[in-house]
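Right, one structure below, let's go through it.
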Amino acid sequence: MTPKEIVLALFSAAFVEHDPQAAGQMVTSGYIQHNPQIPTGAEGLMGLIPLVEQSGMTVTTHRVITEGDMVVLHNTYDNADAFGASQLAAFDIFRVEDGKVAEHWDNLQPVPATTASGRGMTNGPVEIMDHDQTEKNKELVLGFVRDVLAGQAPENVTNYMNPEVYKQHNPSIDDGLDGLMAAIESFAAQGQVITKFEPQFAVAEGNFVFVATDAIMGGAPYAFFDLWRVEDGLIVEHWDVVSPIPAEAVHDNGKF
């Protein structure tokens, strides 16, 4: 089985079939959990599954991005009140090792009733194209993160994105470069200035590039999980899930 097939089988066992024993056999004995609220190890995952079933929570996977042993799922969780909101947008990332899932990261954010752009947090194109451009697109997005979002050379923004076409799925930001700049100014006025933006890992496949970033915003630690779509050498669409990093966790693995 490919890493993608292994991860989708685990995800189905855990969140569709609700089978703790099957899920437990698909992860390594030293399974590393980065969700701050779930105990690490196979036992932590197996203990979560009955709670998911009892809650009535369901999941829809919109996109699957795979590079090497890393697999990114772009999900919506419904009936998720027991986990923080009736509907959650999420990124779940898995690392596969020797035919089993060895590590998991995630980020979850409540889905609001309305958004600045009118777009949902997970809708939009899903087809993976331009596989031969994977590395080039990954370099483009990481350059955008470094220069624009981390502030090293924001004047280079149009080298990375199409300011007219840029479609935004962040619920608080409108489309285009103007929407992005207006949001940055608005966040700054509210004291939500980003003073640290350090990518921890990236996963790319064709025209989609995912980046997980450790950040400080408004003096507090945050995790930014972002997905960009590239077209004709420029970024044209963006999805994200942003979540504060809690001061305490049930394990010592950290968010990243």
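Quick note on naming: the chains in the structure tokens go A, B, ... in the order shown, residues restart at 1 in each chain, and ligands are numbered from 1 in order of appearance.
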Which of range 84-228 of chain A counts as strand (DSSP E or B) under DSSP, as a PyMOL selection string please?
chain A and resi 87-97+100-110+161+167-168+194-205+208-217+220-228
Please produce a file of those selected residues containing C-alpha atoms, as a compact mmCIF listing (two decimals), in the first residue's frame.
# COMPACT_ATOMS: atom_id res chain seq x y z
CA GLN A 87 -18.49 22.32 12.46
CA LEU A 88 -14.69 22.37 12.32
CA ALA A 89 -12.33 22.92 9.42
CA ALA A 90 -9.15 20.88 9.85
CA PHE A 91 -5.86 19.78 8.44
CA ASP A 92 -4.67 16.32 9.53
CA ILE A 93 -1.10 15.40 8.62
CA PHE A 94 0.33 11.91 8.92
CA ARG A 95 3.84 10.49 8.52
CA VAL A 96 4.11 6.88 7.36
CA GLU A 97 7.02 4.62 8.30
CA LYS A 100 2.32 2.04 9.28
CA VAL A 101 1.35 5.52 10.44
CA ALA A 102 4.03 6.81 12.80
CA GLU A 103 3.09 10.43 13.53
CA HIS A 104 0.12 12.82 13.42
CA TRP A 105 -0.30 16.58 13.50
CA ASP A 106 -3.53 18.56 13.19
CA ASN A 107 -5.11 21.98 13.44
CA LEU A 108 -8.82 22.68 13.89
CA GLN A 109 -10.88 25.87 13.65
CA PRO A 110 -14.62 26.53 14.02
CA MET A 161 0.96 35.73 -6.20
CA LYS A 167 -8.95 33.63 -4.07
CA GLN A 168 -9.16 33.66 -0.30
CA ILE A 194 2.78 38.56 13.83
CA THR A 195 6.28 38.71 15.32
CA LYS A 196 7.32 35.14 14.50
CA PHE A 197 6.46 33.04 11.47
CA GLU A 198 8.69 29.97 11.14
CA PRO A 199 7.67 27.12 8.80
CA GLN A 200 8.21 23.70 10.38
CA PHE A 201 7.50 21.48 7.38
CA ALA A 202 5.94 21.59 3.93
CA VAL A 203 4.16 18.98 1.82
CA ALA A 204 3.64 19.55 -1.91
CA GLU A 205 1.98 17.65 -4.72
CA PHE A 208 -0.97 22.28 -4.13
CA VAL A 209 1.50 23.21 -1.39
CA PHE A 210 0.85 22.82 2.34
CA VAL A 211 2.96 24.55 5.02
CA ALA A 212 2.77 24.14 8.83
CA THR A 213 4.10 27.18 10.67
CA ASP A 214 5.00 27.99 14.27
CA ALA A 215 3.99 31.61 14.93
CA ILE A 216 3.64 34.32 17.53
CA MET A 217 0.63 36.59 16.99
CA ALA A 220 0.66 34.46 21.93
CA PRO A 221 1.77 31.19 20.26
CA TYR A 222 -0.24 30.06 17.24
CA ALA A 223 -0.12 27.28 14.69
CA PHE A 224 -0.81 28.29 11.08
CA PHE A 225 -1.64 25.42 8.73
CA ASP A 226 -1.88 26.84 5.19
CA LEU A 227 -2.62 25.38 1.77
CA TRP A 228 -1.96 27.23 -1.47
Given only C-alpha atoms, how would the per-residue table for range 22-83 of chain A near range 118-126 of chain A read, listing every residue at most 8 Å away with its closest atom pair and distance in Å to one decimal, sorted by chain and number, as CSV?
residue,atom,partner,partner_atom,distance
A:His62,CA,A:Thr122,CA,7.0
A:Arg63,CA,A:Val126,CA,5.9
A:His74,CA,A:Thr122,CA,7.4
A:Asn75,CA,A:Thr122,CA,7.5
A:Thr76,CA,A:Thr122,CA,7.3
Spatial neighbours of Ser29 in chain A, 7 Å, only C-alpha atoms, chain gap at least 2 places, as number ranges by chain:
A: 27, 31, 41-42
Counting only C-alpha atoms, what is within 8 Å of Asn207 in chain A, bar same-chain residues fewer than 6 positions away, as a PyMOL selection string?
chain A and resi 128-131+133-134+137+229-231
Selected residues written out, C-alpha atoms, as a CSV table (one decimal), in the first residue's frame:
chain,number,residue,atom,x,y,z
A,128,ILE,CA,-4.2,17.8,-8.4
A,129,MET,CA,-2.4,18.9,-11.6
A,130,ASP,CA,1.1,19.8,-12.8
A,131,HIS,CA,2.9,17.0,-11.0
A,133,GLN,CA,6.0,21.3,-11.2
A,134,THR,CA,5.9,20.1,-7.6
A,137,ASN,CA,5.7,25.3,-6.8
A,229,ARG,CA,-2.9,26.4,-5.1
A,230,VAL,CA,-0.5,27.5,-7.8
A,231,GLU,CA,-1.4,28.2,-11.4
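The coordinates place CA of Val59 in chain A at 26.9 Å from CA of Asp174 in chain A.
Separating CA of Pro39 in chain A from CA of Asp81 in chain A is a distance of 20.2 Å.
Between CA of Ala116 in chain A and CA of Leu149 in chain A the interatomic distance comes to 19.6 Å.
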Please identify all polymer residues within 12 Å of Ser12 in chain A, counting only C-alpha atoms, omitting same-chain residues fewer than 4 positions from it, and present them as a list in words.
Glu5, Ile6, Val7, Leu8, Val16, Glu17, His18, Asp19, Pro20, Ala22, Ala23, Met26, Ile49, Thr58, Val59, Thr60 and Thr61 of chain A
Hey, what's within 8 Å of Val165 in chain A if we count only C-alpha atoms and toss same-chain stuff fewer than 4 positions away? As a PyMOL selection string, please?
chain A and resi 175-176+236-237
Could the residues in this selection be written to a file with N, CA and C atoms, as a short mmCIF file (atom, residue, chain, number, x, y, z; two decimals), in the first residue's frame?
data_model
loop_
_atom_site.label_atom_id
_atom_site.label_comp_id
_atom_site.auth_asym_id
_atom_site.auth_seq_id
_atom_site.Cartn_x
_atom_site.Cartn_y
_atom_site.Cartn_z
N ASP A 175 -10.72 38.70 -0.94
CA ASP A 175 -9.93 38.27 -2.07
C ASP A 175 -8.84 39.28 -2.45
N GLY A 176 -7.86 38.80 -3.22
CA GLY A 176 -6.87 39.66 -3.83
C GLY A 176 -5.81 40.17 -2.87
N VAL A 236 -2.62 31.38 -6.64
CA VAL A 236 -3.93 31.92 -7.02
C VAL A 236 -5.03 31.63 -5.99
N GLU A 237 -4.74 30.78 -4.98
CA GLU A 237 -5.80 30.44 -4.03
C GLU A 237 -5.18 30.00 -2.71
#
Exercise: Lys255 in chain A partners within 7 Å, only C-alpha atoms, chain neighbours under 4 positions left out, as a PyMOL selection string
chain A and resi 34-36
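For the set A:Gly47, A:Gly179, A:Gly191, A:Ser117, the residue with the smallest atom-to-atom gap to Gly219 in chain A is A:Gly191, counting only C-alpha atoms.
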